[in-house]
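**Q** Quick one, input-v4.txt (compact mmCIF, C-alpha atoms):
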# COMPACT_ATOMS: atom_id res chain seq x y z
CA MET Q 801 29.74 1.24 92.05
CA LEU Q 802 27.23 2.58 94.50
CA ALA Q 803 24.24 1.20 92.60
CA ARG Q 804 24.45 -2.11 94.46
CA TYR Q 805 23.68 -0.11 97.63
CA GLY Q 806 20.65 1.57 96.10
CA ILE Q 807 22.50 4.80 95.40
CA ARG Q 808 21.91 6.32 92.00
CA VAL Q 809 24.18 9.04 90.63
CA ASN Q 810 22.78 11.14 87.81
CA ALA Q 811 23.35 14.69 86.64
CA LEU Q 812 21.38 17.56 85.19
CA ALA Q 813 23.28 19.69 82.67
CA PRO Q 814 21.37 22.92 82.03
CA GLY Q 815 22.13 25.19 79.14
CA TYR Q 816 21.79 28.96 79.32
CA ILE Q 817 19.14 29.70 81.94
CA GLU Q 818 17.96 33.29 82.37
CA THR Q 819 18.71 34.60 85.85
CA ASP Q 820 19.01 37.94 87.61
CA LEU Q 821 22.80 37.66 87.20
CA ASN Q 822 22.83 37.30 83.41
CA ARG Q 823 19.63 39.06 82.30
CA GLU Q 824 21.39 42.35 81.47
CA PHE Q 825 23.98 40.59 79.31
CA PHE Q 826 21.41 38.75 77.24
CA VAL Q 827 19.71 41.98 76.15
CA THR Q 828 22.98 43.24 74.64
CA GLU Q 829 23.93 42.51 71.04
CA PRO Q 830 26.55 39.87 72.03
CA GLY Q 831 23.96 38.22 74.28
CA GLN Q 832 21.32 38.28 71.54
CA LYS Q 833 23.85 36.76 69.14
CA MET Q 834 24.37 33.86 71.58
CA ILE Q 835 20.62 33.34 71.87
CA ARG Q 836 20.27 33.21 68.07
CA ARG Q 837 22.73 30.30 68.03
CA ILE Q 838 20.58 28.22 70.39
CA PRO Q 839 18.36 26.02 68.18
CA GLN Q 840 15.23 26.91 70.19
CA ARG Q 841 16.18 30.59 69.84
CA ARG Q 842 15.51 31.38 73.50
CA LEU Q 843 17.06 31.20 76.93
CA GLY Q 844 15.85 28.56 79.29
CA GLN Q 845 13.72 29.58 82.24
CA PRO Q 846 14.18 28.11 85.72
CA ASP Q 847 10.85 26.29 85.32
CA ASP Q 848 12.28 24.45 82.30
CA LEU Q 849 14.34 22.42 84.77
CA CYS Q 850 11.38 21.30 86.90
CA GLY Q 851 10.37 18.27 84.83
CA PRO Q 852 13.87 16.82 84.51
CA LEU Q 853 14.56 17.44 88.21
CA LEU Q 854 11.31 15.75 89.20
CA LEU Q 855 12.22 12.77 87.02
CA LEU Q 856 15.62 12.40 88.69
CA ALA Q 857 14.16 12.85 92.18
CA SER Q 858 11.38 10.31 91.72
CA GLU Q 859 11.18 6.57 91.40
CA LEU Q 860 10.30 7.09 87.73
CA SER Q 861 14.06 7.16 87.21
CA GLY Q 862 14.61 4.14 89.45
CA TYR Q 863 16.60 2.27 86.80
CA MET Q 864 18.68 5.30 85.78
CA THR Q 865 22.19 5.69 87.09
CA GLY Q 866 25.27 7.21 85.53
CA SER Q 867 23.10 9.36 83.27
CA THR Q 868 23.26 13.02 82.36
CA LEU Q 869 20.11 14.85 81.30
CA VAL Q 870 20.95 17.79 79.06
CA VAL Q 871 18.34 20.57 79.19
CA GLY Q 872 19.75 23.20 76.91
CA GLY Q 873 17.45 24.02 74.03
CA GLY Q 874 19.72 22.06 71.71
CA HIS Q 875 22.78 24.27 72.14
CA LEU Q 876 25.14 21.28 72.39
CA GLN Q 877 24.16 20.41 68.82
CA SER Q 878 24.93 23.91 67.58
CA SER Q 879 28.34 25.44 67.08
CA LEU Q 880 28.39 27.81 70.04
Mind converting the file's structure to structure tokens?
**A**
Amino acid sequence: MLARYGIRVNALAPGYIETDLNREFFVTEPGQKMIRRIPQRRLGQPDDLCGPLLLLASELSGYMTGSTLVVGGGHLQSSL
């Protein structure tokens, strides 16, 4: 374990985030169908990751290690 050396290892697991690379797909019918299966019924935006990233980068998460923060609008709980 690296924690004894003050090294924390955490992960951010984003769901579907709208980007220039996927924007065209998500306006198609198959893309819209995927969005409808996300419980929040929307794609994530890059800014949706700011809060979780700030948490992991700050001392507010000083006692977190070995954790994964899922930021996905609930899609892991759906049957995508």
**Q** With only C-alpha atoms as the counted atoms, please give the residues lying no more than 12 Å from Asp820 in chain Q, apart from itself and same-chain residues fewer than 6 positions off, as a PDB file with C-alpha atoms, in the frame of the given file.
**A**
ATOM      1  CA  PHE Q 826      21.410  38.750  77.240  1.00  0.00           C
ATOM      2  CA  GLN Q 845      13.720  29.580  82.240  1.00  0.00           C
ATOM      3  CA  PRO Q 846      14.180  28.110  85.720  1.00  0.00           C
TER       4      PRO Q 846
END
**Q** For the point (16.2, 23.3, 76.4) in file coordinates, what residues are within 12 Å, counting only C-alpha atoms? Give the answer as a short mmCIF file (atom, residue, chain, number, x, y, z; two decimals) with C-alpha atoms, keeping the file's coordinate frame?
**A**
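Saved the output as out17.cif:
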data_model
loop_
_atom_site.label_atom_id
_atom_site.label_comp_id
_atom_site.auth_asym_id
_atom_site.auth_seq_id
_atom_site.Cartn_x
_atom_site.Cartn_y
_atom_site.Cartn_z
CA LEU Q 812 21.38 17.56 85.19
CA ALA Q 813 23.28 19.69 82.67
CA PRO Q 814 21.37 22.92 82.03
CA GLY Q 815 22.13 25.19 79.14
CA TYR Q 816 21.79 28.96 79.32
CA ILE Q 817 19.14 29.70 81.94
CA GLU Q 818 17.96 33.29 82.37
CA ILE Q 835 20.62 33.34 71.87
CA ILE Q 838 20.58 28.22 70.39
CA PRO Q 839 18.36 26.02 68.18
CA GLN Q 840 15.23 26.91 70.19
CA ARG Q 841 16.18 30.59 69.84
CA ARG Q 842 15.51 31.38 73.50
CA LEU Q 843 17.06 31.20 76.93
CA GLY Q 844 15.85 28.56 79.29
CA GLN Q 845 13.72 29.58 82.24
CA PRO Q 846 14.18 28.11 85.72
CA ASP Q 847 10.85 26.29 85.32
CA ASP Q 848 12.28 24.45 82.30
CA LEU Q 849 14.34 22.42 84.77
CA CYS Q 850 11.38 21.30 86.90
CA GLY Q 851 10.37 18.27 84.83
CA PRO Q 852 13.87 16.82 84.51
CA LEU Q 869 20.11 14.85 81.30
CA VAL Q 870 20.95 17.79 79.06
CA VAL Q 871 18.34 20.57 79.19
CA GLY Q 872 19.75 23.20 76.91
CA GLY Q 873 17.45 24.02 74.03
CA GLY Q 874 19.72 22.06 71.71
CA HIS Q 875 22.78 24.27 72.14
CA LEU Q 876 25.14 21.28 72.39
CA GLN Q 877 24.16 20.41 68.82
#
**Q** Go ahead and compute the interatomic distance for CA of Ala857 in chain Q and CA of Ile807 in chain Q, in Å to one decimal.
**A** 12.0 Å
**Q** Could you check how far CA of Leu854 in chain Q sits from CA of Tyr805 in chain Q, in Å to one decimal?
**A** 21.8 Å
**Q** Could you list, as a PyMOL selection string, every residue within 10 Å of Met864 in chain Q, counting all atoms listed in the file and ignoring same-chain residues fewer than 6 positions away?
**A** chain Q and resi 803+808-810+855-856
**Q** Pick from Q:Met801, Q:Met834, Q:Phe825, Q:Ala811: nearest to Ser878 in chain Q, with only C-alpha atoms counted?
**A**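 Of Q:Met801, Q:Met834, Q:Phe825, Q:Ala811, the one nearest Ser878 in chain Q, counting only C-alpha atoms, is Q:Met834.
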